[in-house]
Amino acid sequence: MTVTLDVFPAARYRDVVEDRDFPTVREYQARTGRAALGCYPVYGPFELGYAAGLLPVGLFGGGNRIEIQTADSRFQSFICSVVKSTMELGFQDKLGPFEALMFESICDPARNLASIMSRNFPKQKVTYVHLPQNMTSAAAPDYLTSEYRRVLAELETVTGAHVTDDDLRASLATYNALRSALRALYAFRAERPQDLLTGELYTLTRLATIMDPAEVTPILREALDAARARDGRVKDRIRVVLAGAFCEQPPLELIESIEESGCYIVDDDFLLGWRLFRRDVPIDDDPCRALALAYLNDSLHASTKHDLRAPRAKALIESARSHDADAVICLIAKFCEPGLFDYALYRKALEVESIPHLYVEFEEKMWLYERIRTEVETFVESMLFR
Amino acid sequence: MTVAPEIRYQGEMHQLQKEIMAKYYAEATAIAKGNGRKAAHLLIAGNPVELLRAFDVLPIYPEVNVLQIAVRKGSLPLIQKAEELGYAGDNCAYVKADIGLFHSGYETPFATIPKPDVLVCNYVGCNVYLNWFEHLAELTGAPAMNIDIPFIRTLDGEPTADDVTYVVKQLEELIVLLEQVTGRSLDWKVLTKIVERSAQTGELWSQIKEMTKLRPAPYDAYFDSVTMMAPLYTLRGTEEGLRFFEVAHREMTAQVNRKQGPLPEERFRIVIEGPPPWPKLRVFRDMFSRWGAVAVASTYSTVGGLWEFGFRHDPAHPLESIARHMLSYNVCNRTFLQRYDQLERYVKEWHADAMVIHSVKSCRLFSAGQGDMREHFVRDLDVPTLLIESDLEDPRYFSEAQLRNRIDAFFEALEQRRITAGRAAGGVA
Ligand code: SF4
Ligand code: SF4
């Protein structure tokens, strides 16, 4: 049986996930009375906000949907787009449903952005989470646990809620279920990329960043069932792992044109923070500690997480090998320093391992893909007809 | 107003600085040639140099090395070397120059830089540091540790008690690592003595910084501060470092007594924000000197530590005070808005006429969002503010004519404003 695209769940949500008026979030707020917590990438402890009565919503800037008018005068030309377009959302009055914003220690521009947002948009309470960069210190678990308690207390002041450990455990369980559904989709895509295109997987994952986890998880499960029921023909495409778009997100059309240019994407780091953990967070005695330990010891590699135990280039090679990939595409946001620094290491490791790779620089606000399409096609041809 | 006046102040301090830095680099070279002493690479921001000195480990700051190279016009080939290896045009050029230097055998015109026996990544604000030292760890194979310094993020602008505990524990772990690397154990008495000298150094440095509140300022708090910053990091805690600051203090006091500043006439008092363009330092300085503009305060001089608002190391609590220095007494680990406050204090308490923001492409820690900073100073505080762009290490981003035009136009306007204000004050319309 073949399921056509337009009835596949992802197709239904295409427009919604890119809408910078956040219609679903507004609808949710009207229905439940819950305001949103805007979560800047890459990863934050969403569970805390959810337990405090907020809806954590991924805040990935303006994509190619809004034009930057004012933020350009605040951030220089050499700063990545997502920083500016996130600020622009504030200038264009799009942050109405958000009562709080959460930023984390991912990079220098994002950190300064947190300050600048708090100055310019005092209606939104800005919470800044310092995620540890010493993963091996014996003191890190205590530190991160206390940091999560501190963040929780800040979020409680936003909603006035008093969050108990039971509330937190319930929140952990809800997000465990969400991540488990996402992991299942990712595993399925790696196995049968012809039956779950990355454009679709991306849409579904993105949906998870704007919906209540309890409401989106059944949709993801339904999507997985629908994908399983497909029986797509395997096309003559190369299998690639994509790395580098962990923060600023490329336009959906760009992801699709990479696929259409002859690639099956079998692993990627899009929207990474929303599926960061390799397995369920134990519903432990101390939920903040469990969440802290999951971050320190059980999370996927990320360009903004510096774990001296696990070089990221090695992790990329492992991903390429375990996914049986023919090549790697480094898809890196323009001006993104963490991504660009990693590229230097990736390139070396990929050369040593003789894994072909293509370097592609993108900007969220781009809307012409011809050049990239040609580059990818040429790359794919060089692989197919070697 | 076309020729920059000669900078009159080039005293004993400058000479002494040259000598002690030459000696420091001779020590570095001796280690590189295999004399058996150990060297650690670490970073400037909120550096915990006291601990290294306590183990007689020589602190090597890649930032200081590459800026010295840039001043000597040698940075571009190193940057290009790194770019050939895959580093991007948009990566911090300090890192690229250092990677290029590694691949050039660590040979510089002033020293051979020893390979690190240990990499101490003091992650104080700058996220690029983490990338940089990861890359060095891979290249050199040296044992590495990230000292994670929680960023200031609370409403009161202070680190939390848990932050302090966390950093102290990591410093204890660093001690264990240094014991392994050097094969000796920490002598707490030695550490206490070093921390005491750091406290004395901080006191002198802070007093020196107070002096620029006077008219005329006895030295330029941007361009001459950098002369004092190298010893502040490389030699803080040593006898020699302390002696240097005693000499500097004496000399500045004499300047004050003579009512002498760095220029024949102090016409404008400015605050400068952001690092200097090392490859064109002299040219850049002249662009201000020709207007009689003297920096009375600068944020750049607080990257390694912020002493002028009261912080001192505490020999009674060495680790806690090192932790506090790293957490909150340096500009890098403070929020962007705390930097606004710092600058506002400089403008007010140091009696400045204007502010100059030198936005450097390499350093997003410093620069990202400086447009908002200008907005705040111009609109909310009515401080004339100039924003100019170049780079701290890469000469390709220094466009001389354009900078000169912008700076000239700014001071012309400032002069006009002064004339107008003078007339208004004198009742002449
Ligand atoms: S895209 Fe890169 S540089 Fe920009 S905010 Fe994200 S991590 Fe930072
Ligand atoms: S970004 Fe700035 S602070 Fe960080 S390494 Fe580069 S120049 Fe230094």
# chains A, B, ... in the order shown; residues from 1 in each chain; ligands from 1

$ residues_around --residues "Gln69 of chain A" --least-positions-apart "6" --cutoff "9 Å" --atoms "only C-alpha atoms" --output "mmCIF file with C-alpha atoms, in the first residue's frame"
data_model
loop_
_atom_site.group_PDB
_atom_site.id
_atom_site.type_symbol
_atom_site.label_atom_id
_atom_site.label_comp_id
_atom_site.auth_asym_id
_atom_site.auth_seq_id
_atom_site.Cartn_x
_atom_site.Cartn_y
_atom_site.Cartn_z
ATOM 1 C CA GLU A 88 13.180 40.876 15.348
ATOM 2 C CA PHE A 91 10.390 44.164 17.518
ATOM 3 C CA GLN A 92 7.553 42.936 15.314
#

$ select_by_dssp --residues "segment 26-174 of chain B" --states "helix (DSSP H, G or I)" --output "ChimeraX atom specification"
/B:26-32,49-54,62-71,75-84,93-103,128-140,161-174

$ closest_atom_pairs --of "chain A" --to "ligand 1" --cutoff "7 Å" --atoms "only C-alpha atoms and all ligand atoms" --output "JSON lines"
{"residue": "A:Pro41", "atom": "CA", "partner": "ligand 1", "partner_atom_place_in_ligand_line": "6 (Fe)", "distance": 6.9}
{"residue": "A:Cys80", "atom": "CA", "partner": "ligand 1", "partner_atom_place_in_ligand_line": "4 (Fe)", "distance": 4.7}
{"residue": "A:Ser81", "atom": "CA", "partner": "ligand 1", "partner_atom_place_in_ligand_line": "4 (Fe)", "distance": 6.8}
{"residue": "A:Val82", "atom": "CA", "partner": "ligand 1", "partner_atom_place_in_ligand_line": "4 (Fe)", "distance": 5.9}
{"residue": "A:Val83", "atom": "CA", "partner": "ligand 1", "partner_atom_place_in_ligand_line": "5 (S)", "distance": 5.5}
{"residue": "A:Ile106", "atom": "CA", "partner": "ligand 1", "partner_atom_place_in_ligand_line": "7 (S)", "distance": 5.9}
{"residue": "A:Cys107", "atom": "CA", "partner": "ligand 1", "partner_atom_place_in_ligand_line": "8 (Fe)", "distance": 4.7}
{"residue": "A:Asp108", "atom": "CA", "partner": "ligand 1", "partner_atom_place_in_ligand_line": "8 (Fe)", "distance": 6.7}
{"residue": "A:Pro109", "atom": "CA", "partner": "ligand 1", "partner_atom_place_in_ligand_line": "8 (Fe)", "distance": 5.7}
{"residue": "A:Ala110", "atom": "CA", "partner": "ligand 1", "partner_atom_place_in_ligand_line": "5 (S)", "distance": 4.7}
{"residue": "A:Cys247", "atom": "CA", "partner": "ligand 1", "partner_atom_place_in_ligand_line": "6 (Fe)", "distance": 4.5}
{"residue": "A:Glu248", "atom": "CA", "partner": "ligand 1", "partner_atom_place_in_ligand_line": "1 (S)", "distance": 4.4}
{"residue": "A:Thr304", "atom": "CA", "partner": "ligand 1", "partner_atom_place_in_ligand_line": "7 (S)", "distance": 6.8}
{"residue": "A:Ala333", "atom": "CA", "partner": "ligand 1", "partner_atom_place_in_ligand_line": "1 (S)", "distance": 5.9}
{"residue": "A:Phe335", "atom": "CA", "partner": "ligand 1", "partner_atom_place_in_ligand_line": "3 (S)", "distance": 6.2}
{"residue": "A:Cys336", "atom": "CA", "partner": "ligand 1", "partner_atom_place_in_ligand_line": "3 (S)", "distance": 3.7}
{"residue": "A:Glu337", "atom": "CA", "partner": "ligand 1", "partner_atom_place_in_ligand_line": "3 (S)", "distance": 5.2}
{"residue": "A:Pro338", "atom": "CA", "partner": "ligand 1", "partner_atom_place_in_ligand_line": "2 (Fe)", "distance": 5.8}
{"residue": "A:Gly339", "atom": "CA", "partner": "ligand 1", "partner_atom_place_in_ligand_line": "2 (Fe)", "distance": 6.3}

$ atom_distance --atom1 "atom CA of Gly63 of chain A" --atom2 "atom CA of Lys84 of chain A"
10.6 Å

$ residues_near_ligand --ligand "ligand 2" --cutoff "10 Å" --atoms "only C-alpha atoms and all ligand atoms" --output "ChimeraX atom specification"
/A:107-108,337 /B:43-45,62-63,67,91-96,123-133,274-275,303,332,360-367,391-393

$ interface_residues --of "chain B" --to "chain A" --cutoff "6 Å" --atoms "only C-alpha atoms" --output "VMD selection string"
chain B and resid 86 to 87 90 to 91 127 146 148 150 153 166 336 364 to 365 368 to 369 371 to 372

$ atom_distance --atom1 "atom CA of Glu415 of chain B" --atom2 "atom CA of Val347 of chain B"
17.7 Å

$ residues_around --residues "Val120 of chain B" --least-positions-apart "4" --cutoff "7 Å" --atoms "only C-alpha atoms" --output "list in words"
Ala40, His41, Leu42, Ala144, Met145 and Asn146 of chain B

$ write_last_selection --atoms "N, CA, C and O atoms" --output "short mmCIF file (atom, residue, chain, number, x, y, z; two decimals), in the first residue's frame"
data_model
loop_
_atom_site.label_atom_id
_atom_site.label_comp_id
_atom_site.auth_asym_id
_atom_site.auth_seq_id
_atom_site.Cartn_x
_atom_site.Cartn_y
_atom_site.Cartn_z
N ALA B 40 52.05 25.34 30.95
CA ALA B 40 50.62 25.13 30.74
C ALA B 40 50.12 26.21 29.79
O ALA B 40 50.56 27.36 29.88
N HIS B 41 49.24 25.85 28.88
CA HIS B 41 48.57 26.87 28.09
C HIS B 41 47.23 27.17 28.78
O HIS B 41 46.53 26.24 29.17
N LEU B 42 46.95 28.45 28.92
CA LEU B 42 45.66 28.84 29.50
C LEU B 42 45.22 30.14 28.84
O LEU B 42 45.89 30.64 27.93
N ALA B 144 44.06 17.68 29.19
CA ALA B 144 43.29 18.93 29.13
C ALA B 144 42.19 18.91 30.16
O ALA B 144 41.65 17.85 30.50
N MET B 145 41.89 20.09 30.66
CA MET B 145 40.76 20.22 31.56
C MET B 145 40.00 21.50 31.23
O MET B 145 40.62 22.54 31.00
N ASN B 146 38.69 21.38 31.18
CA ASN B 146 37.86 22.58 31.08
C ASN B 146 37.49 22.99 32.49
O ASN B 146 36.90 22.19 33.22
#

$ select_by_dssp --residues "segment 95-202 of chain B" --states "strand (DSSP E or B)" --output "VMD selection string"
chain B and resid 107 112 118 to 123 144 to 148

$ residues_around --residues "Val163 of chain A" --least-positions-apart "6" --cutoff "10 Å" --atoms "only C-alpha atoms" --output "ChimeraX atom specification"
/A:48-49,51-53,152-153,155-156

$ atom_distance --atom1 "atom CA of Val176 of chain B" --atom2 "atom CA of Lys115 of chain B"
20.7 Å

$ residues_around --residues "Ser198 of chain B" --least-positions-apart "6" --cutoff "8 Å" --atoms "only C-alpha atoms" --output "compact mmCIF listing (two decimals) with N, CA, C and O atoms, in the first residue's frame"
# COMPACT_ATOMS: atom_id res chain seq x y z
N GLU B 50 47.59 31.99 39.53
CA GLU B 50 48.21 31.72 40.83
C GLU B 50 48.48 30.23 41.03
O GLU B 50 49.53 29.84 41.57
N ARG B 236 51.66 37.80 37.28
CA ARG B 236 50.94 38.10 38.51
C ARG B 236 51.26 37.02 39.56
O ARG B 236 51.28 35.83 39.23
N GLY B 237 51.51 37.47 40.76
CA GLY B 237 51.84 36.52 41.82
C GLY B 237 53.33 36.33 42.03
O GLY B 237 53.75 35.75 43.02
N LEU B 242 55.13 41.95 40.84
CA LEU B 242 54.76 42.94 41.84
C LEU B 242 55.67 44.17 41.73
O LEU B 242 55.22 45.32 41.78
N ARG B 312 39.81 42.09 45.60
CA ARG B 312 41.21 41.71 45.87
C ARG B 312 41.26 40.22 46.14
O ARG B 312 40.36 39.68 46.78
N HIS B 313 42.32 39.59 45.69
CA HIS B 313 42.54 38.19 46.10
C HIS B 313 42.69 38.14 47.61
O HIS B 313 43.09 39.13 48.24

$ closest_residue --among "B:Pro315, B:Gly11, B:Pro114, B:Gly105" --to "Lys33 of chain B" --atoms "only C-alpha atoms"
B:Pro114

$ residues_around --residues "Lys235 of chain A" --least-positions-apart "3" --cutoff "12 Å" --atoms "only C-alpha atoms" --output "PyMOL selection string"
chain A and resi 192-195+232+238-239+259-264

$ closest_residue --among "A:Leu331, A:Ala320, A:Ala229, A:Val158" --to "Glu363 of chain A" --atoms "only C-alpha atoms"
A:Leu331

$ residues_around --residues "segment 218-232 of chain B" --least-positions-apart "3" --cutoff "6 Å" --atoms "only C-alpha atoms" --output "PyMOL selection string"
chain B and resi 235-236+255-256+260-262+294-298

$ write_last_selection --atoms "C-alpha atoms" --output "PDB file, in the first residue's frame"
ATOM      1  CA  LEU B 235      53.738  37.507  36.018  1.00  0.00           C
ATOM      2  CA  ARG B 236      50.936  38.095  38.512  1.00  0.00           C
ATOM      3  CA  GLN B 255      53.038  62.007  36.193  1.00  0.00           C
ATOM      4  CA  VAL B 256      50.105  63.092  38.323  1.00  0.00           C
ATOM      5  CA  GLN B 260      51.353  65.530  32.852  1.00  0.00           C
ATOM      6  CA  GLY B 261      49.369  63.352  30.503  1.00  0.00           C
ATOM      7  CA  PRO B 262      50.344  61.217  27.544  1.00  0.00           C
ATOM      8  CA  VAL B 294      42.817  60.343  25.763  1.00  0.00           C
ATOM      9  CA  ALA B 295      41.142  57.200  27.006  1.00  0.00           C
ATOM     10  CA  VAL B 296      40.398  57.518  30.695  1.00  0.00           C
ATOM     11  CA  ALA B 297      38.967  54.026  31.045  1.00  0.00           C
ATOM     12  CA  SER B 298      38.517  50.884  28.974  1.00  0.00           C
TER      13      SER B 298
END

$ closest_residue --among "B:Phe110, B:Phe268, B:Tyr329, B:Phe411" --to "Phe309 of chain B" --atoms "only C-alpha atoms"
B:Tyr329

$ decode --residues "segment 33-169 of chain B" --atoms "C-alpha atoms" --output "CSV table (one decimal), in the first residue's frame"
chain,number,residue,atom,x,y,z
B,33,LYS,CA,64.3,23.6,24.2
B,34,GLY,CA,63.8,20.9,26.8
B,35,ASN,CA,65.0,22.2,30.2
B,36,GLY,CA,62.5,20.0,31.9
B,37,ARG,CA,60.3,22.7,33.5
B,38,LYS,CA,56.6,22.5,32.7
B,39,ALA,CA,54.4,24.8,30.7
B,40,ALA,CA,50.6,25.1,30.7
B,41,HIS,CA,48.6,26.9,28.1
B,42,LEU,CA,45.7,28.8,29.5
B,43,LEU,CA,43.5,31.8,28.6
B,44,ILE,CA,43.4,35.4,29.7
B,45,ALA,CA,39.8,35.8,30.8
B,46,GLY,CA,39.7,35.6,34.6
B,47,ASN,CA,42.9,33.5,34.6
B,48,PRO,CA,43.8,31.4,37.6
B,49,VAL,CA,47.5,31.9,37.1
B,50,GLU,CA,48.2,31.7,40.8
B,51,LEU,CA,47.7,28.0,40.8
B,52,LEU,CA,50.1,27.4,38.0
B,53,ARG,CA,52.8,29.6,39.6
B,54,ALA,CA,52.4,27.6,42.8
B,55,PHE,CA,53.5,24.6,40.9
B,56,ASP,CA,56.3,26.5,39.1
B,57,VAL,CA,54.5,25.8,35.9
B,58,LEU,CA,55.0,28.6,33.3
B,59,PRO,CA,51.8,30.1,32.2
B,60,ILE,CA,51.6,30.4,28.4
B,61,TYR,CA,48.8,32.5,27.0
B,62,PRO,CA,48.2,31.8,23.3
B,63,GLU,CA,46.3,35.2,23.2
B,64,VAL,CA,49.4,37.1,24.3
B,65,ASN,CA,51.6,35.2,21.8
B,66,VAL,CA,49.4,35.9,18.8
B,67,LEU,CA,48.8,39.5,19.7
B,68,GLN,CA,52.6,40.1,20.0
B,69,ILE,CA,52.9,38.5,16.5
B,70,ALA,CA,50.1,40.8,15.2
B,71,VAL,CA,51.8,43.9,16.6
B,72,ARG,CA,54.9,42.7,14.7
B,73,LYS,CA,52.8,42.4,11.5
B,74,GLY,CA,53.2,38.6,11.4
B,75,SER,CA,49.6,37.4,11.9
B,76,LEU,CA,48.2,37.2,8.4
B,77,PRO,CA,50.3,34.2,7.2
B,78,LEU,CA,49.4,32.3,10.3
B,79,ILE,CA,45.7,33.0,9.9
B,80,GLN,CA,45.9,31.9,6.2
B,81,LYS,CA,47.7,28.7,7.2
B,82,ALA,CA,44.7,27.9,9.4
B,83,GLU,CA,42.2,28.8,6.7
B,84,GLU,CA,43.9,26.4,4.4
B,85,LEU,CA,43.3,23.7,7.0
B,86,GLY,CA,39.6,24.3,7.0
B,87,TYR,CA,39.1,27.2,9.5
B,88,ALA,CA,36.6,29.7,8.3
B,89,GLY,CA,36.9,33.3,7.5
B,90,ASP,CA,34.4,33.9,10.2
B,91,ASN,CA,36.3,32.1,13.0
B,92,CYS,CA,38.0,34.1,15.7
B,93,ALA,CA,41.4,35.0,14.2
B,94,TYR,CA,43.2,34.6,17.5
B,95,VAL,CA,42.5,30.9,17.3
B,96,LYS,CA,43.5,30.7,13.7
B,97,ALA,CA,46.8,32.5,14.3
B,98,ASP,CA,47.5,30.1,17.2
B,99,ILE,CA,46.7,27.0,15.1
B,100,GLY,CA,48.8,28.5,12.3
B,101,LEU,CA,51.6,29.0,14.9
B,102,PHE,CA,51.3,25.4,16.0
B,103,HIS,CA,51.8,24.3,12.4
B,104,SER,CA,54.8,26.6,12.1
B,105,GLY,CA,56.6,24.8,14.9
B,106,TYR,CA,55.6,27.4,17.5
B,107,GLU,CA,58.5,29.6,16.3
B,108,THR,CA,58.0,33.3,16.7
B,109,PRO,CA,60.4,36.3,16.3
B,110,PHE,CA,60.5,36.7,20.1
B,111,ALA,CA,60.5,33.1,21.4
B,112,THR,CA,59.9,29.5,20.7
B,113,ILE,CA,56.6,28.7,22.4
B,114,PRO,CA,56.7,25.4,24.4
B,115,LYS,CA,54.1,22.8,23.6
B,116,PRO,CA,51.7,22.5,26.5
B,117,ASP,CA,52.3,19.9,29.2
B,118,VAL,CA,48.8,20.6,30.2
B,119,LEU,CA,45.9,22.5,28.7
B,120,VAL,CA,43.9,24.5,31.3
B,121,CYS,CA,40.9,25.8,29.5
B,122,ASN,CA,39.5,28.4,31.9
B,123,TYR,CA,36.1,28.8,30.3
B,124,VAL,CA,35.4,32.3,31.6
B,125,GLY,CA,32.7,33.8,29.4
B,126,CYS,CA,34.2,33.0,26.0
B,127,ASN,CA,32.7,29.9,24.3
B,128,VAL,CA,35.4,30.0,21.6
B,129,TYR,CA,37.9,29.1,24.3
B,130,LEU,CA,36.2,25.7,24.5
B,131,ASN,CA,36.6,25.1,20.8
B,132,TRP,CA,40.1,26.5,20.8
B,133,PHE,CA,41.4,24.2,23.5
B,134,GLU,CA,39.6,21.2,22.1
B,135,HIS,CA,41.5,21.7,18.9
B,136,LEU,CA,44.8,22.1,20.8
B,137,ALA,CA,44.1,19.0,22.8
B,138,GLU,CA,43.7,17.1,19.5
B,139,LEU,CA,46.8,18.6,18.0
B,140,THR,CA,49.1,18.3,20.9
B,141,GLY,CA,47.7,15.3,22.8
B,142,ALA,CA,48.3,17.1,26.1
B,143,PRO,CA,46.1,16.4,29.1
B,144,ALA,CA,43.3,18.9,29.1
B,145,MET,CA,40.8,20.2,31.6
B,146,ASN,CA,37.9,22.6,31.1
B,147,ILE,CA,37.3,24.7,34.1
B,148,ASP,CA,33.6,25.5,33.8
B,149,ILE,CA,32.8,28.9,35.2
B,150,PRO,CA,29.1,29.5,35.4
B,151,PHE,CA,28.2,32.7,33.8
B,152,ILE,CA,26.6,35.5,35.8
B,153,ARG,CA,22.9,35.1,35.3
B,154,THR,CA,21.0,36.1,38.4
B,155,LEU,CA,19.1,39.3,39.0
B,156,ASP,CA,21.6,40.6,41.6
B,157,GLY,CA,24.5,40.1,39.3
B,158,GLU,CA,26.3,37.8,41.7
B,159,PRO,CA,27.4,34.2,41.4
B,160,THR,CA,25.4,31.8,43.5
B,161,ALA,CA,26.8,30.0,46.5
B,162,ASP,CA,26.6,26.8,44.4
B,163,ASP,CA,28.6,28.4,41.7
B,164,VAL,CA,31.4,29.2,44.1
B,165,THR,CA,31.4,25.7,45.5
B,166,TYR,CA,31.4,24.2,42.0
B,167,VAL,CA,34.4,26.3,40.9
B,168,VAL,CA,36.4,25.7,44.1
B,169,LYS,CA,35.9,21.9,43.6
